[in-house]
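A short write-up of the structure that comes next.
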Amino acid sequence: MNIKISDINACKALFFSISFFVGLWAVRIPDIKDQIGVEYTGLGYLFVIFSIGSVLTMVVAPKLIHLFSPKRVALISGFIINFLWILIPFANSFKLMGVLSFIFGICYGLFEIILNLQATSLEKKFNKPMMSGFHAFWSIGLLSGSLLTSLFLEYKISFFINSLIFIIMISPILYFSSLTIKNIQSDTLSFLSIFFKWPLFLIILFLLAITAVFLEGGTDSWGSLYMRDYILAEGFNIGLAAIAFNGSMVLGRLIGDRLKEIFGIYNFLVFSVIGSFVGSIFIASSSSLLFAILGFVIAGFSVSSIIPICYTFGASIKNLNPTVGITIITIGTYGVFMIAPPTLGYVADIFGIEYVYTPMLILFLLISIIVIFQKKLFKN
């Protein structure tokens, strides 16, 4: 069977597909926590294990992509991600879940780098902003996965059936879309490709990516627990944090490329950083369901284009191989899970789940100052 699909639509489909499972994870985290019998801190360590797998893989990703081709790596890693979701509902110990998390990390790390390389190459090919549009489909996938999983929770459909339905839905999309991935034309990259003196601009982009993912990942990882254990939501409402946050991210990313053209990419970035800070304040100070949801909407819309902007800049730094730039930014987005989950877990266990967004406030305050005072780097 010969299925024709354009490179742009295939790239969007891949962003959608891989994040659809993240929506499943985001809403089922309370179930996983109860399933393996851990506290907030223990759950945080699972995210650390996932991050270790991702970062270790990313260090050698440029070499692997060069040796085996992006298409082959995407097909293999996508297949493993699908298969592992059959096992997750039956993992009843921290050790087993830790092993699965590590393998997930390896596969997601590889897939993320290939996806963003494909997206930036298409952006350059058509010579117009497209990255926010591609990442919009990541958010659409996460939103769709979260919404559907919330409905399954409402009607008490089991975790295993939930996973099985998702696998049946997504596998064909992942397979046929991966077939369109092109080889990335770049110099041969070694194991040590990312180990050099990073320019200041790359360091700032790295920190900016970390800060954005602290909020994105924090909501995906802790939003459902925040809703269940602090707001005392039940059933469908447990998933409202992920739905509201990712729903507003979808809108932000769908119009993000247009907003960059209207306001300029730097000005739009400043608005995004400050808006994320304001949204985090709303969430951190919420005491009701409606107030919390408003905060998630503001934060989701504001943070939506920060990572795409980082990828665009990271792939365009002078005298820097785009694959290396993308890899470093991606390491930042996944590497933060080595620090963030246990930190947020300690905060939740010691002070309460309602304080889990406080570290994000501090980070966004600091990165706002950096972005404003280093304006000339973003303008060059």
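For the structure tokens, the naming scheme is as follows: chains receive sequential letters (A, B, ...) according to their order of presentation, residues are indexed from 1 within each chain, and ligands are indexed from 1 in presentation order.
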
- Just the residues within 6 Å of segment 316-332 of chain A, please, counting only C-alpha atoms, with nothing from its chain fewer than 5 positions along; format it as a ChimeraX atom specification. /A:55,206,210

Serialized selection, C-alpha atoms, as a PDB file, in the first residue's frame:
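Saved file out30.pdb follows:
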ATOM      1  CA  VAL A  55      20.153  12.837  28.087  1.00  0.00           C
ATOM      2  CA  PHE A 206      19.595  26.494  27.036  1.00  0.00           C
ATOM      3  CA  ILE A 210      14.945  24.696  30.884  1.00  0.00           C
TER       4      ILE A 210
END

9 Å contact set for Gly247 of chain A, only C-alpha atoms, chain neighbours under 6 positions out, as a PDB file with N, CA and C atoms, in the first residue's frame:
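See around20.pdb below for the written result:
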ATOM      1  N   SER A 139       1.080  20.063  21.086  1.00  0.00           N
ATOM      2  CA  SER A 139       0.096  20.439  22.089  1.00  0.00           C
ATOM      3  C   SER A 139      -1.279  19.875  21.775  1.00  0.00           C
ATOM      4  N   ILE A 140      -1.643  19.828  20.476  1.00  0.00           N
ATOM      5  CA  ILE A 140      -2.928  19.231  20.095  1.00  0.00           C
ATOM      6  C   ILE A 140      -2.949  17.743  20.462  1.00  0.00           C
ATOM      7  N   LEU A 142      -1.145  16.285  22.851  1.00  0.00           N
ATOM      8  CA  LEU A 142      -1.195  16.163  24.307  1.00  0.00           C
ATOM      9  C   LEU A 142      -2.595  16.483  24.822  1.00  0.00           C
ATOM     10  N   LEU A 143      -3.191  17.547  24.258  1.00  0.00           N
ATOM     11  CA  LEU A 143      -4.549  17.916  24.655  1.00  0.00           C
ATOM     12  C   LEU A 143      -5.532  16.796  24.334  1.00  0.00           C
ATOM     13  N   SER A 144      -5.427  16.233  23.135  1.00  0.00           N
ATOM     14  CA  SER A 144      -6.334  15.157  22.728  1.00  0.00           C
ATOM     15  C   SER A 144      -6.170  13.928  23.614  1.00  0.00           C
ATOM     16  N   VAL A 297      -4.598  28.419  31.932  1.00  0.00           N
ATOM     17  CA  VAL A 297      -4.854  28.958  30.597  1.00  0.00           C
ATOM     18  C   VAL A 297      -3.832  30.047  30.251  1.00  0.00           C
ATOM     19  N   GLY A 300      -0.295  28.431  29.927  1.00  0.00           N
ATOM     20  CA  GLY A 300      -0.181  27.606  28.731  1.00  0.00           C
ATOM     21  C   GLY A 300      -0.043  28.429  27.465  1.00  0.00           C
ATOM     22  N   PHE A 301      -0.869  29.467  27.326  1.00  0.00           N
ATOM     23  CA  PHE A 301      -0.790  30.318  26.141  1.00  0.00           C
ATOM     24  C   PHE A 301       0.556  31.035  26.073  1.00  0.00           C
TER      25      PHE A 301
END

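Counting only C-alpha atoms, Gly141 of chain A has the following residues at most 7 Å away, ignoring those fewer than 4 positions along the same chain: A:Phe16, A:Ser17, A:Ser19, A:Phe20, A:Phe137, A:Gly145.
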
Export, as a PDB file, in the first residue's frame, the selected residues with C-alpha atoms.
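Contents of result12.pdb, freshly written:
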ATOM      1  CA  PHE A  16       0.815  14.910  17.321  1.00  0.00           C
ATOM      2  CA  SER A  17       1.411  11.177  17.633  1.00  0.00           C
ATOM      3  CA  SER A  19       2.622  13.678  22.394  1.00  0.00           C
ATOM      4  CA  PHE A  20      -0.703  11.824  22.357  1.00  0.00           C
ATOM      5  CA  PHE A 137       0.476  19.727  16.900  1.00  0.00           C
ATOM      6  CA  GLY A 145      -4.648  12.425  24.752  1.00  0.00           C
TER       7      GLY A 145
END

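Across A:Phe296, A:Phe159, A:Phe47, A:Phe277, the tightest approach to Ile369 of chain A is made by A:Phe277 when counting only C-alpha atoms.
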
- Task: Skip Val278 of chain A itself and residues of its chain fewer than 2 positions away, then list as number ranges by chain all residues within 10 Å of it, counting only C-alpha atoms.
- Result: A: 272-276, 280-284, 295, 298-299, 302, 361, 364-365

Using N, CA and C atoms, can you export the residues from the last selection as a compact mmCIF listing (two decimals), in the first residue's frame?
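Ended up saving to result_9.txt:
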# COMPACT_ATOMS: atom_id res chain seq x y z
N SER A 272 5.97 36.45 26.08
CA SER A 272 5.76 35.06 26.45
C SER A 272 6.34 34.74 27.83
N VAL A 273 7.54 35.24 28.08
CA VAL A 273 8.21 34.98 29.36
C VAL A 273 7.45 35.64 30.51
N ILE A 274 7.08 36.91 30.32
CA ILE A 274 6.36 37.63 31.38
C ILE A 274 4.97 37.01 31.60
N GLY A 275 4.28 36.64 30.52
CA GLY A 275 2.98 36.00 30.66
C GLY A 275 3.05 34.68 31.40
N SER A 276 4.11 33.91 31.16
CA SER A 276 4.30 32.64 31.87
C SER A 276 4.48 32.89 33.36
N SER A 280 1.90 31.58 36.27
CA SER A 280 2.40 30.77 37.39
C SER A 280 1.97 31.38 38.73
N ILE A 281 1.91 32.71 38.79
CA ILE A 281 1.44 33.37 40.02
C ILE A 281 -0.01 32.99 40.30
N PHE A 282 -0.83 33.01 39.26
CA PHE A 282 -2.24 32.62 39.41
C PHE A 282 -2.36 31.21 39.95
N ILE A 283 -1.60 30.28 39.36
CA ILE A 283 -1.69 28.88 39.78
C ILE A 283 -1.21 28.72 41.22
N ALA A 284 -0.07 29.34 41.52
CA ALA A 284 0.53 29.17 42.85
C ALA A 284 -0.33 29.76 43.96
N GLY A 295 -5.31 30.32 35.71
CA GLY A 295 -3.85 30.35 35.73
C GLY A 295 -3.25 29.41 34.72
N ILE A 298 -3.60 30.99 31.17
CA ILE A 298 -2.64 32.08 30.94
C ILE A 298 -1.24 31.52 30.76
N ALA A 299 -0.85 30.60 31.64
CA ALA A 299 0.50 30.03 31.58
C ALA A 299 0.69 29.22 30.30
N SER A 302 1.01 31.53 27.21
CA SER A 302 2.24 32.32 27.24
C SER A 302 3.49 31.50 26.97
N LEU A 361 8.02 30.16 39.60
CA LEU A 361 7.96 31.62 39.71
C LEU A 361 9.36 32.22 39.77
N PHE A 364 11.17 31.95 36.28
CA PHE A 364 10.69 32.89 35.26
C PHE A 364 11.06 34.33 35.59
N LEU A 365 11.15 34.64 36.86
CA LEU A 365 11.61 35.98 37.24
C LEU A 365 13.05 36.18 36.79

- Message: Just want the 10 Å neighbourhood of Tyr346 of chain A, counted on only C-alpha atoms, with same-chain residues fewer than 2 positions away dropped. Output as a ChimeraX atom specification.
- Response: /A:39-42,44,340-344,348-353,356

- Find the residues near Ser305 of chain A: any atom within 12 Å, counting only C-alpha atoms, skip ones fewer than 6 places away on the same chain, and give them as a ChimeraX atom specification. /A:129-136,138-139,208-209,212-213,216,248-260,265-266,268-273,275-276,299,311-312

N, CA and C atoms of the current selection, written as a compact mmCIF listing (two decimals), in the first residue's frame:
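Okay, result-v1.txt is ready:
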# COMPACT_ATOMS: atom_id res chain seq x y z
N PRO A 129 8.53 31.34 9.23
CA PRO A 129 8.34 30.75 10.55
C PRO A 129 7.33 29.61 10.51
N MET A 130 7.74 28.43 11.00
CA MET A 130 6.85 27.27 11.00
C MET A 130 6.92 26.48 12.30
N MET A 131 7.94 26.80 13.14
CA MET A 131 8.20 25.96 14.30
C MET A 131 7.04 25.96 15.30
N SER A 132 6.47 27.13 15.56
CA SER A 132 5.33 27.17 16.49
C SER A 132 4.17 26.34 15.95
N GLY A 133 3.98 26.38 14.62
CA GLY A 133 2.92 25.59 14.01
C GLY A 133 3.13 24.10 14.19
N PHE A 134 4.39 23.66 14.04
CA PHE A 134 4.69 22.24 14.27
C PHE A 134 4.45 21.87 15.72
N HIS A 135 4.93 22.71 16.62
CA HIS A 135 4.77 22.42 18.05
C HIS A 135 3.31 22.54 18.48
N ALA A 136 2.51 23.26 17.70
CA ALA A 136 1.07 23.30 17.99
C ALA A 136 0.49 21.90 17.94
N TRP A 138 2.10 19.19 18.64
CA TRP A 138 2.51 18.51 19.88
C TRP A 138 1.45 18.79 20.95
N SER A 139 1.08 20.06 21.09
CA SER A 139 0.10 20.44 22.09
C SER A 139 -1.28 19.87 21.78
N LEU A 208 16.73 29.23 28.91
CA LEU A 208 15.35 29.59 28.57
C LEU A 208 14.52 28.33 28.34
N ALA A 209 15.11 27.36 27.63
CA ALA A 209 14.41 26.09 27.39
C ALA A 209 14.13 25.36 28.69
N ALA A 212 11.20 27.08 30.50
CA ALA A 212 9.91 26.80 29.87
C ALA A 212 9.45 25.38 30.17
N VAL A 213 10.39 24.43 30.10
CA VAL A 213 10.02 23.03 30.34
C VAL A 213 9.71 22.79 31.82
N GLU A 216 6.08 23.60 31.57
CA GLU A 216 5.37 22.61 30.75
C GLU A 216 5.39 21.24 31.42
N SER A 248 -4.80 25.90 25.79
CA SER A 248 -4.33 27.26 25.51
C SER A 248 -2.99 27.23 24.79
N MET A 249 -2.19 26.19 25.02
CA MET A 249 -0.94 26.04 24.27
C MET A 249 -1.22 25.79 22.80
N VAL A 250 -2.25 25.02 22.52
CA VAL A 250 -2.63 24.78 21.12
C VAL A 250 -2.93 26.10 20.43
N LEU A 251 -3.77 26.92 21.06
CA LEU A 251 -4.10 28.22 20.48
C LEU A 251 -2.85 29.08 20.31
N GLY A 252 -2.02 29.12 21.35
CA GLY A 252 -0.80 29.93 21.30
C GLY A 252 0.13 29.51 20.18
N ARG A 253 0.25 28.21 19.97
CA ARG A 253 1.18 27.72 18.94
C ARG A 253 0.59 27.84 17.54
N LEU A 254 -0.72 27.73 17.43
CA LEU A 254 -1.35 27.88 16.12
C LEU A 254 -1.21 29.30 15.59
N ILE A 255 -1.24 30.28 16.48
CA ILE A 255 -1.11 31.68 16.04
C ILE A 255 0.26 32.25 16.36
N GLY A 256 1.14 31.43 16.97
CA GLY A 256 2.44 31.93 17.41
C GLY A 256 3.31 32.45 16.28
N ASP A 257 3.36 31.73 15.15
CA ASP A 257 4.18 32.18 14.03
C ASP A 257 3.69 33.52 13.49
N ARG A 258 2.38 33.69 13.47
CA ARG A 258 1.81 34.96 13.01
C ARG A 258 2.14 36.09 13.99
N LEU A 259 2.07 35.81 15.28
CA LEU A 259 2.39 36.82 16.30
C LEU A 259 3.86 37.22 16.24
N LYS A 260 4.74 36.27 15.89
CA LYS A 260 6.16 36.60 15.71
C LYS A 260 6.34 37.62 14.59
N ILE A 265 10.13 38.63 16.69
CA ILE A 265 10.36 37.43 17.48
C ILE A 265 10.86 37.74 18.89
N TYR A 266 11.70 38.79 19.03
CA TYR A 266 12.21 39.12 20.37
C TYR A 266 11.11 39.68 21.26
N PHE A 268 7.93 39.27 21.03
CA PHE A 268 6.99 38.21 21.34
C PHE A 268 7.56 37.29 22.42
N LEU A 269 8.86 37.05 22.38
CA LEU A 269 9.50 36.23 23.41
C LEU A 269 9.38 36.88 24.78
N VAL A 270 9.59 38.19 24.85
CA VAL A 270 9.47 38.91 26.13
C VAL A 270 8.05 38.80 26.67
N PHE A 271 7.05 39.00 25.80
CA PHE A 271 5.65 38.84 26.22
C PHE A 271 5.39 37.44 26.75
N SER A 272 5.97 36.45 26.08
CA SER A 272 5.76 35.06 26.45
C SER A 272 6.34 34.74 27.83
N VAL A 273 7.54 35.24 28.08
CA VAL A 273 8.21 34.98 29.36
C VAL A 273 7.45 35.64 30.51
N GLY A 275 4.28 36.64 30.52
CA GLY A 275 2.98 36.00 30.66
C GLY A 275 3.05 34.68 31.40
N SER A 276 4.11 33.91 31.16
CA SER A 276 4.30 32.64 31.87
C SER A 276 4.48 32.89 33.36
N ALA A 299 -0.85 30.60 31.64
CA ALA A 299 0.50 30.03 31.58
C ALA A 299 0.69 29.22 30.30
N TYR A 311 14.36 26.57 19.56
CA TYR A 311 14.82 25.69 18.49
C TYR A 311 15.17 26.48 17.23
N THR A 312 14.37 27.49 16.91
CA THR A 312 14.65 28.31 15.74
C THR A 312 16.00 29.02 15.88

- List every residue of segment 77-319 of chain A that DSSP, applied to the backbone, labels as alpha helix (DSSP H), and write the result as number ranges by chain. A: 77-87, 94-126, 131-154, 159-178, 200-229, 240-263, 265-284, 289-303, 306-314

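Of the listed residues A:Ile173, A:Glu354, A:Val22, A:Thr211, the one whose atoms come nearest to Asp229 of chain A is A:Glu354, with distances taken using only C-alpha atoms.
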
Residues of segment 259-309 of chain A at most 12 Å from segment 108-123 of chain A: nearest atom pair and distance in Å, only C-alpha atoms, as JSON lines:
{"residue": "A:Ile307", "atom": "CA", "partner": "A:Asn116", "partner_atom": "CA", "distance": 10.6}
{"residue": "A:Pro308", "atom": "CA", "partner": "A:Asn116", "partner_atom": "CA", "distance": 9.0}
{"residue": "A:Ile309", "atom": "CA", "partner": "A:Thr120", "partner_atom": "CA", "distance": 10.8}

Selection export as a CSV table (one decimal), in the first residue's frame, atoms kept: C-alpha atoms:
chain,number,residue,atom,x,y,z
A,307,ILE,CA,10.5,26.2,23.1
A,308,PRO,CA,9.9,26.7,19.4
A,309,ILE,CA,11.7,30.0,19.5

- Query: Which one of A:Ser177, A:Ser146, A:Asn82, A:Ser171 sits closest to Asp220 of chain A if you count only C-alpha atoms?
  - Reply: A:Ser146
